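Novice: Got a structure for you, upload-v2.csv, holding CSV, C-alpha atoms.
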chain,number,residue,atom,x,y,z
A,25,MET,CA,-12.2,15.9,-2.3
A,26,SER,CA,-12.9,12.4,-3.6
A,27,ILE,CA,-10.2,9.9,-2.7
A,28,LYS,CA,-8.6,8.8,-5.9
A,29,PHE,CA,-6.6,5.6,-5.7
A,30,LYS,CA,-4.0,5.0,-8.3
A,31,ARG,CA,-2.9,1.5,-9.4
A,32,PHE,CA,-0.1,0.5,-7.2
A,33,TYR,CA,1.9,-2.4,-5.9
A,34,ALA,CA,1.5,-3.9,-2.4
A,35,VAL,CA,-1.2,-1.7,-1.0
A,36,PHE,CA,-2.9,-4.1,1.4
A,37,LEU,CA,-1.9,-5.2,4.9
A,38,THR,CA,-3.6,-8.3,6.3
A,39,GLY,CA,-5.4,-8.2,9.6
A,40,ALA,CA,-4.9,-5.5,12.1
A,41,LEU,CA,-1.1,-5.6,12.2
A,42,CYS,CA,-0.2,-8.7,10.2
A,43,PHE,CA,1.9,-7.7,7.3
A,44,GLY,CA,2.0,-8.7,3.7
A,45,SER,CA,3.9,-7.1,0.8
A,46,LEU,CA,2.9,-2.3,-0.6
A,47,ALA,CA,1.3,-1.6,-0.9
A,48,GLY,CA,2.3,-5.4,-3.6
A,49,CYS,CA,0.0,-4.9,-6.6
A,50,SER,CA,0.8,-5.7,-10.1
A,51,SER,CA,0.7,-2.8,-12.5
A,52,THR,CA,2.0,-5.1,-15.2
A,53,ASP,CA,-1.2,-4.6,-17.3
A,54,GLN,CA,-0.3,-1.0,-17.9
A,55,LYS,CA,2.3,-2.5,-20.2
A,56,GLN,CA,-0.3,-4.6,-21.9
A,57,GLY,CA,-2.6,-1.8,-23.1
A,58,GLN,CA,-5.7,-3.4,-21.6
A,59,GLU,CA,-9.0,-1.8,-22.1
A,60,THR,CA,-10.6,-0.9,-18.8
A,61,SER,CA,-13.4,1.4,-17.9
A,62,LYS,CA,-10.9,4.2,-17.3
A,63,GLU,CA,-7.2,4.6,-17.7
A,64,PRO,CA,-5.2,4.1,-14.5
A,65,GLU,CA,-2.6,6.7,-13.6
A,66,GLN,CA,1.1,5.6,-13.7
A,67,GLU,CA,2.8,5.9,-10.3
A,68,THR,CA,6.3,7.2,-10.4
A,69,ALA,CA,8.9,7.6,-7.8
A,70,VAL,CA,9.5,11.3,-8.3
A,71,ASP,CA,7.6,13.5,-10.7
A,72,GLY,CA,9.7,16.1,-12.4
A,73,ASP,CA,12.6,15.7,-9.9
A,74,ASP,CA,16.2,14.8,-10.7
A,75,GLU,CA,16.9,13.6,-7.1
A,76,ASP,CA,18.7,10.3,-7.0
A,77,LEU,CA,16.9,7.9,-4.7
A,78,GLY,CA,19.5,5.1,-5.3
A,79,ARG,CA,18.7,1.5,-6.4
A,80,TYR,CA,16.8,-1.3,-4.7
A,81,LYS,CA,15.7,-4.9,-5.3
A,82,PRO,CA,12.0,-5.0,-6.4
A,83,SER,CA,11.9,-8.7,-5.2
A,84,ASP,CA,12.3,-7.4,-1.6
A,85,PHE,CA,8.9,-5.8,-1.9
A,86,ALA,CA,6.9,-8.8,-2.8
A,87,MET,CA,4.3,-9.9,-0.3
A,88,GLU,CA,5.5,-11.9,2.6
A,89,VAL,CA,4.5,-15.4,3.7
A,90,GLN,CA,1.5,-15.5,6.1
A,91,GLU,CA,-0.7,-18.2,7.5
A,92,LYS,CA,-3.9,-16.4,6.3
A,93,TYR,CA,-4.6,-13.3,4.2
A,94,GLU,CA,-7.6,-11.2,5.0
A,95,TYR,CA,-9.0,-8.2,3.1
A,96,PRO,CA,-12.3,-6.9,4.5
A,97,TYR,CA,-12.9,-4.2,1.8
A,98,LEU,CA,-12.4,-6.9,-0.9
A,99,GLY,CA,-14.7,-9.2,1.0
A,100,LEU,CA,-12.0,-11.9,0.7
A,101,SER,CA,-9.9,-14.0,2.9
A,102,PHE,CA,-7.7,-16.9,1.8
A,103,THR,CA,-4.9,-19.4,2.6
A,104,VAL,CA,-2.1,-20.4,0.3
A,105,PRO,CA,-0.8,-24.0,-0.1
A,106,GLN,CA,2.5,-24.6,1.7
A,107,SER,CA,4.4,-25.5,-1.5
A,108,LEU,CA,3.5,-22.0,-2.9
A,109,LEU,CA,4.4,-20.3,0.4
A,110,ASP,CA,7.8,-22.2,0.2
A,111,ALA,CA,8.4,-20.8,-3.3
A,112,MET,CA,7.6,-17.3,-2.0
A,113,GLU,CA,9.9,-17.8,0.9
A,114,LYS,CA,12.7,-18.9,-1.4
A,115,LYS,CA,12.0,-16.1,-3.7
A,116,GLU,CA,11.3,-18.5,-6.6
A,117,ALA,CA,7.8,-16.9,-6.8
A,118,ALA,CA,6.6,-13.4,-6.1
A,119,MET,CA,3.2,-12.6,-4.7
A,120,LEU,CA,2.0,-9.2,-5.7
A,121,ASN,CA,-1.3,-7.4,-5.4
A,122,GLU,CA,-3.1,-4.8,-7.5
A,123,VAL,CA,-6.1,-2.6,-6.8
A,124,LEU,CA,-8.0,0.1,-8.7
A,125,ALA,CA,-10.5,2.1,-6.8
A,126,GLY,CA,-13.6,3.6,-8.5
A,127,ASP,CA,-14.8,7.2,-8.5
A,128,ASN,CA,-16.9,6.3,-5.4
A,129,ASP,CA,-14.7,6.3,-2.3
A,130,SER,CA,-16.5,3.3,-0.9
A,131,GLN,CA,-15.9,0.9,-3.8
A,132,ILE,CA,-13.2,-0.6,-6.0
A,133,ASP,CA,-13.1,-1.5,-9.7
A,134,TYR,CA,-11.1,-4.6,-9.0
A,135,GLY,CA,-8.5,-6.0,-6.6
A,136,PHE,CA,-6.5,-9.1,-7.0
A,137,PHE,CA,-3.4,-11.0,-5.9
A,138,SER,CA,-1.1,-12.6,-8.4
A,139,TRP,CA,1.6,-15.2,-8.2
A,140,ASN,CA,4.6,-14.9,-10.5
A,141,LEU,CA,7.7,-16.9,-11.3
A,142,MET,CA,11.1,-15.2,-10.6
A,143,THR,CA,14.3,-16.3,-12.2
A,144,ASP,CA,17.6,-15.8,-10.3
A,145,GLU,CA,18.3,-12.8,-12.4
A,146,GLN,CA,14.9,-11.2,-11.6
A,147,ARG,CA,15.3,-12.0,-7.9
A,148,ASP,CA,18.6,-10.2,-7.7
A,149,ALA,CA,17.8,-7.4,-10.2
A,150,GLU,CA,18.0,-3.8,-9.0
A,151,VAL,CA,16.2,-0.9,-10.3
A,152,GLU,CA,16.5,2.9,-9.9
A,153,GLY,CA,14.5,4.5,-7.2
A,154,GLN,CA,13.1,7.0,-9.7
A,155,GLY,CA,10.7,6.2,-12.5
A,156,THR,CA,8.9,3.0,-13.3
A,157,GLY,CA,11.5,0.4,-12.5
A,158,PHE,CA,9.3,-1.6,-10.2
A,159,TYR,CA,6.5,-1.8,-12.7
A,160,ASP,CA,8.9,-2.7,-15.6
A,161,TRP,CA,10.4,-5.4,-13.5
A,162,ALA,CA,7.0,-6.9,-12.5
A,163,ALA,CA,5.9,-6.8,-16.2
A,164,GLU,CA,8.6,-9.3,-17.0
A,165,LEU,CA,7.7,-11.8,-14.4
A,166,GLU,CA,5.9,-15.0,-15.7
A,167,ARG,CA,2.4,-15.0,-14.4
A,168,ILE,CA,1.2,-18.3,-12.7
A,169,GLY,CA,-2.2,-17.4,-11.4
A,170,VAL,CA,-4.5,-14.8,-9.8
A,171,LEU,CA,-7.1,-14.6,-7.1
A,172,GLY,CA,-9.3,-11.6,-7.3
A,173,VAL,CA,-12.6,-9.7,-7.1
A,174,TYR,CA,-13.9,-7.7,-10.1
A,175,HIS,CA,-16.8,-5.2,-10.5
A,176,SER,CA,-19.3,-6.3,-13.1
A,177,ASP,CA,-17.9,-3.6,-15.5
A,178,GLN,CA,-14.5,-5.2,-15.4
A,179,ILE,CA,-15.4,-8.9,-16.2
A,180,LYS,CA,-14.9,-8.3,-19.9
A,181,ASN,CA,-11.3,-7.4,-19.2
A,182,LEU,CA,-10.5,-10.5,-17.1
A,183,ASP,CA,-7.9,-12.0,-19.5
A,184,GLN,CA,-6.0,-8.7,-19.9
A,185,LEU,CA,-6.1,-7.8,-16.2
A,186,THR,CA,-5.0,-11.2,-14.9
A,187,ARG,CA,-2.7,-12.2,-17.8
A,188,CYS,CA,-4.5,-15.6,-17.5
A,189,SER,CA,-6.8,-17.5,-19.8
A,190,GLU,CA,-8.6,-19.9,-17.5
A,191,HIS,CA,-11.0,-18.5,-14.9
A,192,LYS,CA,-13.0,-20.3,-12.2
A,193,GLU,CA,-15.8,-18.3,-10.7
A,194,LEU,CA,-15.8,-18.7,-7.0
A,195,GLY,CA,-19.0,-16.6,-6.2
A,196,LYS,CA,-20.4,-13.2,-6.0
A,197,SER,CA,-20.7,-10.4,-3.4
A,198,GLU,CA,-24.0,-10.1,-1.5
A,199,ASP,CA,-25.3,-7.4,-3.8
A,200,GLY,CA,-24.2,-9.2,-6.9
A,201,VAL,CA,-22.0,-6.3,-8.1
A,202,TYR,CA,-18.7,-8.2,-7.7
A,203,THR,CA,-17.6,-11.6,-8.9
A,204,TYR,CA,-14.7,-13.5,-7.5
A,205,TYR,CA,-12.4,-15.6,-9.7
A,206,LEU,CA,-9.4,-17.9,-9.4
A,207,SER,CA,-7.5,-17.6,-12.6
A,208,ILE,CA,-4.7,-19.7,-14.0
A,209,ASN,CA,-2.1,-19.3,-16.8
A,210,PRO,CA,-1.9,-22.8,-18.3
A,211,GLU,CA,1.2,-21.7,-20.3
A,212,ALA,CA,3.3,-21.0,-17.3
A,213,ASP,CA,6.3,-23.4,-17.1
A,214,THR,CA,5.9,-24.6,-13.6
A,215,ASP,CA,4.1,-27.2,-11.4
A,216,LEU,CA,3.0,-24.3,-9.2
A,217,THR,CA,0.1,-23.6,-11.6
A,218,LYS,CA,-1.8,-26.6,-10.0
A,219,THR,CA,-0.8,-25.3,-6.6
A,220,VAL,CA,-2.4,-21.9,-7.2
A,221,SER,CA,-5.6,-23.7,-8.2
A,222,GLN,CA,-5.7,-25.2,-4.6
A,223,ILE,CA,-5.8,-21.8,-2.9
A,224,GLU,CA,-8.7,-21.9,-0.4
A,225,ALA,CA,-10.7,-18.6,-0.6
A,226,GLU,CA,-13.6,-17.4,1.5
A,227,ILE,CA,-16.0,-14.7,0.3
A,228,THR,CA,-17.0,-12.4,3.1
A,229,LYS,CA,-19.0,-9.2,3.5
A,230,ILE,CA,-17.3,-6.2,1.8
A,231,THR,CA,-16.4,-3.4,4.1
A,232,PRO,CA,-16.5,-0.1,2.2
A,233,LEU,CA,-13.1,1.7,1.9
A,234,GLU,CA,-14.3,4.8,3.6
A,235,GLU,CA,-15.8,2.8,6.5
A,236,GLU,CA,-12.6,0.7,6.9
A,237,ASN,CA,-10.5,3.8,7.2
A,238,SER,CA,-12.8,6.2,9.1
A,239,HIS,CA,-11.6,5.5,12.7
A,240,SER,CA,-14.6,7.7,13.6
A,241,ASP,CA,-14.4,6.6,17.2
A,242,ILE,CA,-10.9,8.1,17.8
A,243,SER,CA,-10.8,11.8,18.0
A,244,SER,CA,-7.4,12.3,19.7
A,245,LEU,CA,-4.1,10.5,19.8
A,246,GLY,CA,-3.9,11.1,23.6
A,247,SER,CA,-0.7,10.4,25.5
A,248,PHE,CA,1.9,8.1,24.1
A,249,SER,CA,5.6,7.4,24.2
A,250,THR,CA,7.5,6.0,21.3
A,251,GLN,CA,10.8,6.4,19.4
A,252,ASP,CA,11.9,7.0,15.9
A,253,ILE,CA,14.0,4.7,13.8
A,254,ASN,CA,17.2,6.3,15.2
A,255,GLY,CA,16.1,5.7,18.9
A,256,LYS,CA,15.0,9.3,19.6
A,257,ALA,CA,12.1,9.5,22.0
A,258,TYR,CA,8.8,11.2,21.1
A,259,THR,CA,5.6,11.9,23.0
A,260,GLU,CA,2.4,13.7,22.2
A,261,LYS,CA,4.2,16.9,23.0
A,262,MET,CA,5.8,16.7,19.5
A,263,PHE,CA,2.6,18.3,18.1
A,264,GLU,CA,2.6,21.4,20.3
A,265,GLU,CA,5.1,23.3,18.2
A,266,TYR,CA,2.9,23.2,15.1
A,267,GLU,CA,-0.5,24.3,14.0
A,268,LEU,CA,-0.9,21.2,12.0
A,269,THR,CA,1.0,17.9,11.7
A,270,MET,CA,0.5,15.6,8.8
A,271,VAL,CA,0.9,11.9,9.9
A,272,ASN,CA,1.8,9.6,7.0
A,273,VAL,CA,1.4,5.9,7.9
A,274,PHE,CA,3.4,3.7,5.5
A,275,THR,CA,5.4,0.5,5.3
A,276,THR,CA,8.8,-0.2,4.0
A,277,TRP,CA,7.5,-2.6,1.3
A,278,CYS,CA,4.9,-0.1,0.0
A,279,THR,CA,6.0,1.3,-3.4
A,280,PRO,CA,3.5,4.1,-3.5
A,281,CYS,CA,4.4,5.0,0.0
A,282,ILE,CA,8.1,5.2,-0.8
A,283,ASN,CA,7.5,7.0,-4.0
A,284,GLU,CA,5.7,9.9,-2.3
A,285,ILE,CA,8.2,10.4,0.5
A,286,PRO,CA,10.4,12.9,-1.5
A,287,ASP,CA,7.2,15.0,-2.1
A,288,LEU,CA,6.3,14.9,1.6
A,289,GLN,CA,9.9,16.1,2.4
A,290,THR,CA,9.4,19.0,0.0
A,291,LEU,CA,6.1,19.8,1.6
A,292,SER,CA,7.6,19.8,5.1
A,293,GLU,CA,10.3,22.2,4.0
A,294,GLU,CA,8.0,24.6,2.1
A,295,MET,CA,5.2,24.7,4.6
A,296,ALA,CA,7.2,24.8,7.9
A,297,ASP,CA,6.9,28.6,8.0
A,298,GLN,CA,3.1,28.2,8.0
A,299,GLY,CA,3.2,25.9,11.1
A,300,VAL,CA,3.0,22.6,9.3
A,301,ALA,CA,5.0,19.5,10.1
A,302,VAL,CA,5.2,16.0,8.7
A,303,VAL,CA,5.7,12.8,10.6
A,304,GLY,CA,6.0,9.3,9.2
A,305,VAL,CA,4.9,6.2,11.0
A,306,VAL,CA,6.6,3.0,9.9
A,307,LEU,CA,3.7,0.6,10.4
A,308,ASP,CA,5.7,-2.6,9.8
A,309,ALA,CA,8.5,-1.6,12.2
A,310,SER,CA,6.5,-3.1,15.1
A,311,ASP,CA,4.6,-6.3,15.5
A,312,GLY,CA,1.5,-4.5,16.9
A,313,MET,CA,2.4,-5.2,20.5
A,314,GLY,CA,5.2,-2.8,20.8
A,315,HIS,CA,8.0,-5.2,19.8
A,316,VAL,CA,10.4,-3.6,17.4
A,317,ILE,CA,11.3,-5.5,14.2
A,318,ASP,CA,14.9,-4.7,13.8
A,319,ASP,CA,15.2,-5.7,10.1
A,320,THR,CA,12.4,-3.4,9.2
A,321,VAL,CA,13.9,-0.5,11.2
A,322,GLU,CA,17.1,-0.9,9.3
A,323,LYS,CA,15.2,-0.8,5.9
A,324,ALA,CA,13.5,2.4,7.1
A,325,ARG,CA,16.9,3.9,8.0
A,326,VAL,CA,18.2,3.1,4.5
A,327,LEU,CA,15.0,4.6,3.0
A,328,ALA,CA,15.4,7.8,5.1
A,329,GLU,CA,19.0,8.1,4.0
A,330,ARG,CA,18.3,7.6,0.3
A,331,THR,CA,15.4,10.0,0.3
A,332,GLU,CA,17.3,12.5,2.5
A,333,VAL,CA,14.2,12.9,4.8
A,334,SER,CA,14.6,15.2,7.8
A,335,TYR,CA,11.2,14.6,9.3
A,336,PRO,CA,10.9,11.7,11.8
A,337,PHE,CA,10.0,8.1,11.0
A,338,LEU,CA,8.2,6.8,14.2
A,339,ILE,CA,7.9,3.2,15.3
A,340,PRO,CA,4.4,2.3,16.5
A,341,ASP,CA,4.3,2.0,20.3
A,342,GLU,CA,2.5,-0.8,22.3
A,343,SER,CA,-0.8,1.2,22.2
A,344,ASN,CA,-0.6,1.8,18.4
A,345,LEU,CA,-1.0,5.5,19.2
A,346,ASN,CA,-3.9,4.7,21.4
A,347,GLY,CA,-5.6,2.5,18.9
A,348,ARG,CA,-5.4,4.9,15.9
A,349,LEU,CA,-3.1,2.6,14.0
A,350,GLU,CA,-5.3,-0.5,14.5
A,351,GLY,CA,-7.4,-1.7,11.6
A,352,ILE,CA,-5.4,0.1,9.0
A,353,ASP,CA,-5.6,-2.3,6.0
A,354,ALA,CA,-4.4,-0.1,3.3
A,355,VAL,CA,-1.3,2.0,3.0
A,356,PRO,CA,-0.3,4.8,2.7
A,357,GLU,CA,-2.8,6.3,5.0
A,358,THR,CA,-2.6,9.9,6.1
A,359,PHE,CA,-4.4,11.9,8.7
A,360,PHE,CA,-3.9,15.3,10.5
A,361,VAL,CA,-3.4,16.4,14.1
A,362,ASP,CA,-3.5,19.8,15.6
A,363,LYS,CA,-1.3,21.2,18.3
A,364,ASN,CA,-3.5,19.6,21.0
A,365,GLY,CA,-3.1,16.1,19.5
A,366,THR,CA,-6.7,16.2,18.3
A,367,ILE,CA,-7.3,14.5,14.9
A,368,VAL,CA,-8.7,17.0,12.5
A,369,GLY,CA,-9.9,17.0,8.9
A,370,GLN,CA,-10.2,13.9,6.7
A,371,THR,CA,-8.3,10.6,6.5
A,372,TYR,CA,-6.7,10.0,3.1
A,373,SER,CA,-6.0,6.6,1.6
A,374,GLY,CA,-3.5,6.2,-1.2
A,375,SER,CA,-0.6,8.4,-2.4
A,376,HIS,CA,-1.0,11.8,-3.8
A,377,SER,CA,1.1,14.3,-5.8
A,378,LEU,CA,2.8,17.2,-4.1
A,379,GLU,CA,0.3,19.6,-5.6
A,380,GLU,CA,-2.6,17.6,-4.3
A,381,TRP,CA,-1.1,17.3,-0.8
A,382,LYS,CA,-0.4,21.1,-0.7
A,383,ARG,CA,-4.0,21.8,-1.5
A,384,ILE,CA,-5.2,19.3,1.1
A,385,VAL,CA,-2.9,20.7,3.7
A,386,GLU,CA,-3.8,24.3,3.0
A,387,GLU,CA,-7.5,23.5,3.3
A,388,THR,CA,-7.0,21.5,6.5
A,389,LEU,CA,-4.8,24.3,8.0
A,390,GLY,CA,-7.4,26.9,7.1
A,391,SER,CA,-10.0,24.9,8.9
A,392,VAL,CA,-7.9,24.5,12.0
A,393,LYS,CA,-7.2,28.3,12.0
A,394,GLY,CA,-10.9,29.0,11.6
A,395,ASP,CA,-10.6,30.7,8.2
A,396,GLY,CA,-11.2,27.6,6.0
A,397,GLN,CA,-14.4,26.4,4.4
Translate the structure of the given file into structure tokens.
Specialist:
Amino acid sequence: MSIKFKRFYAVFLTGALCFGSLAGCSSTDQKQGQETSKEPEQETAVDGDDEDLGRYKPSDFAMEVQEKYEYPYLGLSFTVPQSLLDAMEKKEAAMLNEVLAGDNDSQIDYGFFSWNLMTDEQRDAEVEGQGTGFYDWAAELERIGVLGVYHSDQIKNLDQLTRCSEHKELGKSEDGVYTYYLSINPEADTDLTKTVSQIEAEITKITPLEEENSHSDISSLGSFSTQDINGKAYTEKMFEEYELTMVNVFTTWCTPCINEIPDLQTLSEEMADQGVAVVGVVLDASDGMGHVIDDTVEKARVLAERTEVSYPFLIPDESNLNGRLEGIDAVPETFFVDKNGTIVGQTYSGSHSLEEWKRIVEETLGSVKGDGQ
């Protein structure tokens, strides 16, 4: 199956375990009716489900302040001026990111980071966990500027995609297929527009998505010891009771990650009799060296309560599950483990519908049992 990325907010992490915003992309252009090479799909919290996921503040899921932002599969790294970082810290501005992957698993159509003004009302606004509340909220933010990379087919859509009218070309990818732009909205009512123009960007070699997420050198999770968000201890023995375990790696700020959790809960309930289990790994609950981040764990507890999840949310241990979690630059990421702790099947980037996941799990389970294709 070809990995199909939907447009989503906050999909990228920076560095190995240095965190930004979810999966924070701006799906605001869906409200603008832009003409792109294909129509992106709308991400919703729950498809065809009346379950109440509660309310949350979208501003809490804007990308966080970092010294440097690095995205290998965009071929881009950059630093943000301190005055803009200060505005992000104070929640006067929201940094979001948006990506749309192409039909080829190894390339994207575009990926960019946007900076947007937030009023006090927008900062404190709450939206329903269901539906398109996050996207509607983001569409109302006043755009300041954008840093991004665009496939040659998308250059004609630059104004619509970025919601900016002034674009400075920064360079091209090695193969000339992608062009990098720093875009400004001169109509924005803020001095930060000039600050965005001072962002320092470096164009690097693009690492294909499939290569970035392959982890081909790791075939087993090996021995590990960790705990879930409630303090319960887990080791590699957790896999022994099931034919197949679906390991869903996510972050608390990743909207697509959060949106698909109710479907993963349903999947775990409906496929338990077939020997299938689901495990979540809260990637941002640890600093990558085994140190637990308490605030993030508390967010994960609230998320588990609101989504009524019964499967465990694990905190990465010091070894990052023996290196399997290292190098994950996009979330959600999902892989499968058999009862021996051996990684089987494919790795999947991006969120999927319940129907898609059922098909993927059934195919992987059949392969593990020896009766699949």
Novice: Could you give me, as a ChimeraX atom specification, the residues that have an atom at most 10 Å away from the point (-5.0, -11.0, -8.8) in the coordinates of the file, using all atoms listed in the file?
Specialist: /A:49-50,119-123,134-139,169-174,182,185-188,205-207
Novice: Could you check which of A:Arg330, A:Lys218, A:Lys363, A:Lys323 is closest to A:Pro286, using all atoms listed in the file?
Specialist: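 The answer is A:Arg330, which sits nearest to A:Pro286.
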Novice: For atom CA of A:Ala309 and atom CA of A:Asp341, determine how far apart the two atoms are, in Å to one decimal place.
Specialist: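 Interatomic distance here is 9.8 Å.
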Novice: Residues at most 10 Å from stretch 293-302 of chain A, counting all atoms listed in the file, excluding those fewer than 6 positions away in the same chain, as a JSON list (two decimals) with C-alpha atoms, keeping the file's coordinate frame?
Specialist:
[["chain", "number", "residue", "atom", "x", "y", "z"],
["A", 262, "MET", "CA", 5.80, 16.70, 19.50],
["A", 263, "PHE", "CA", 2.60, 18.30, 18.10],
["A", 265, "GLU", "CA", 5.10, 23.30, 18.20],
["A", 266, "TYR", "CA", 2.90, 23.20, 15.10],
["A", 267, "GLU", "CA", -0.50, 24.30, 14.00],
["A", 268, "LEU", "CA", -0.90, 21.20, 12.00],
["A", 269, "THR", "CA", 1.00, 17.90, 11.70],
["A", 270, "MET", "CA", 0.50, 15.60, 8.80],
["A", 271, "VAL", "CA", 0.90, 11.90, 9.90],
["A", 272, "ASN", "CA", 1.80, 9.60, 7.00],
["A", 287, "ASP", "CA", 7.20, 15.00, -2.10],
["A", 334, "SER", "CA", 14.60, 15.20, 7.80],
["A", 335, "TYR", "CA", 11.20, 14.60, 9.30],
["A", 336, "PRO", "CA", 10.90, 11.70, 11.80],
["A", 337, "PHE", "CA", 10.00, 8.10, 11.00],
["A", 360, "PHE", "CA", -3.90, 15.30, 10.50],
["A", 361, "VAL", "CA", -3.40, 16.40, 14.10],
["A", 362, "ASP", "CA", -3.50, 19.80, 15.60],
["A", 363, "LYS", "CA", -1.30, 21.20, 18.30],
["A", 382, "LYS", "CA", -0.40, 21.10, -0.70],
["A", 385, "VAL", "CA", -2.90, 20.70, 3.70],
["A", 386, "GLU", "CA", -3.80, 24.30, 3.00],
["A", 389, "LEU", "CA", -4.80, 24.30, 8.00]]
Novice: Between atom CA of A:Ala118 and atom CA of A:Thr279, what distance in Å does the model show, to one decimal?
Specialist: 15.0 Å
Novice: Please produce, as a Markdown table, a per-residue contact table for stretch 253-293 of chain A versus stretch 368-379 of chain A (criterion: any atom at most 9 Å away, all atoms listed in the file considered), showing the nearest atom pair and its distance in Å to one decimal, sorted by chain then residue number.
Specialist:
| residue | atom | partner | partner_atom | distance |
| --- | --- | --- | --- | --- |
| A:Leu268 | CA | A:Val368 | CA | 8.9 |
| A:Pro280 | CA | A:Ser375 | CA | 6.0 |
| A:Cys281 | CA | A:Ser375 | CA | 6.5 |
| A:Asn283 | CA | A:Ser375 | CA | 8.4 |
| A:Glu284 | CA | A:Ser375 | CA | 6.5 |
| A:Asp287 | CA | A:Leu378 | CA | 5.3 |
| A:Leu288 | CA | A:Leu378 | CA | 7.1 |
| A:Thr290 | CA | A:Leu378 | CA | 8.0 |
| A:Leu291 | CA | A:Leu378 | CA | 7.1 |
Novice: Using Å and a single decimal, report how far atom CA of A:Ala328 sits from atom CA of A:Lys81.
Specialist: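 Rounded to one decimal, the two atoms are 16.4 Å apart.
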Novice: Between A:Tyr204, A:Glu150, A:Val321, A:Gly157, which is the closest to A:Ser176 once you count only C-alpha atoms?
Specialist: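 Checking each of A:Tyr204, A:Glu150, A:Val321, A:Gly157 against A:Ser176, counting only C-alpha atoms, the winner is A:Tyr204.
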Novice: Name the residues within 12 Å of (-6.5, -22.9, -2.8), counting all atoms listed in the file in the file's coordinates, and put them as number ranges by chain.
Specialist: A: 92, 101-109, 169-171, 192, 194, 205-208, 216-226
Novice: Output the selection as a JSON list (two decimals), in the frame of the given file - C-alpha atoms for each residue.
Specialist:
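File produced: out_28.json:
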[["chain", "number", "residue", "atom", "x", "y", "z"],
["A", 92, "LYS", "CA", -3.90, -16.40, 6.30],
["A", 101, "SER", "CA", -9.90, -14.00, 2.90],
["A", 102, "PHE", "CA", -7.70, -16.90, 1.80],
["A", 103, "THR", "CA", -4.90, -19.40, 2.60],
["A", 104, "VAL", "CA", -2.10, -20.40, 0.30],
["A", 105, "PRO", "CA", -0.80, -24.00, -0.10],
["A", 106, "GLN", "CA", 2.50, -24.60, 1.70],
["A", 107, "SER", "CA", 4.40, -25.50, -1.50],
["A", 108, "LEU", "CA", 3.50, -22.00, -2.90],
["A", 109, "LEU", "CA", 4.40, -20.30, 0.40],
["A", 169, "GLY", "CA", -2.20, -17.40, -11.40],
["A", 170, "VAL", "CA", -4.50, -14.80, -9.80],
["A", 171, "LEU", "CA", -7.10, -14.60, -7.10],
["A", 192, "LYS", "CA", -13.00, -20.30, -12.20],
["A", 194, "LEU", "CA", -15.80, -18.70, -7.00],
["A", 205, "TYR", "CA", -12.40, -15.60, -9.70],
["A", 206, "LEU", "CA", -9.40, -17.90, -9.40],
["A", 207, "SER", "CA", -7.50, -17.60, -12.60],
["A", 208, "ILE", "CA", -4.70, -19.70, -14.00],
["A", 216, "LEU", "CA", 3.00, -24.30, -9.20],
["A", 217, "THR", "CA", 0.10, -23.60, -11.60],
["A", 218, "LYS", "CA", -1.80, -26.60, -10.00],
["A", 219, "THR", "CA", -0.80, -25.30, -6.60],
["A", 220, "VAL", "CA", -2.40, -21.90, -7.20],
["A", 221, "SER", "CA", -5.60, -23.70, -8.20],
["A", 222, "GLN", "CA", -5.70, -25.20, -4.60],
["A", 223, "ILE", "CA", -5.80, -21.80, -2.90],
["A", 224, "GLU", "CA", -8.70, -21.90, -0.40],
["A", 225, "ALA", "CA", -10.70, -18.60, -0.60],
["A", 226, "GLU", "CA", -13.60, -17.40, 1.50]]
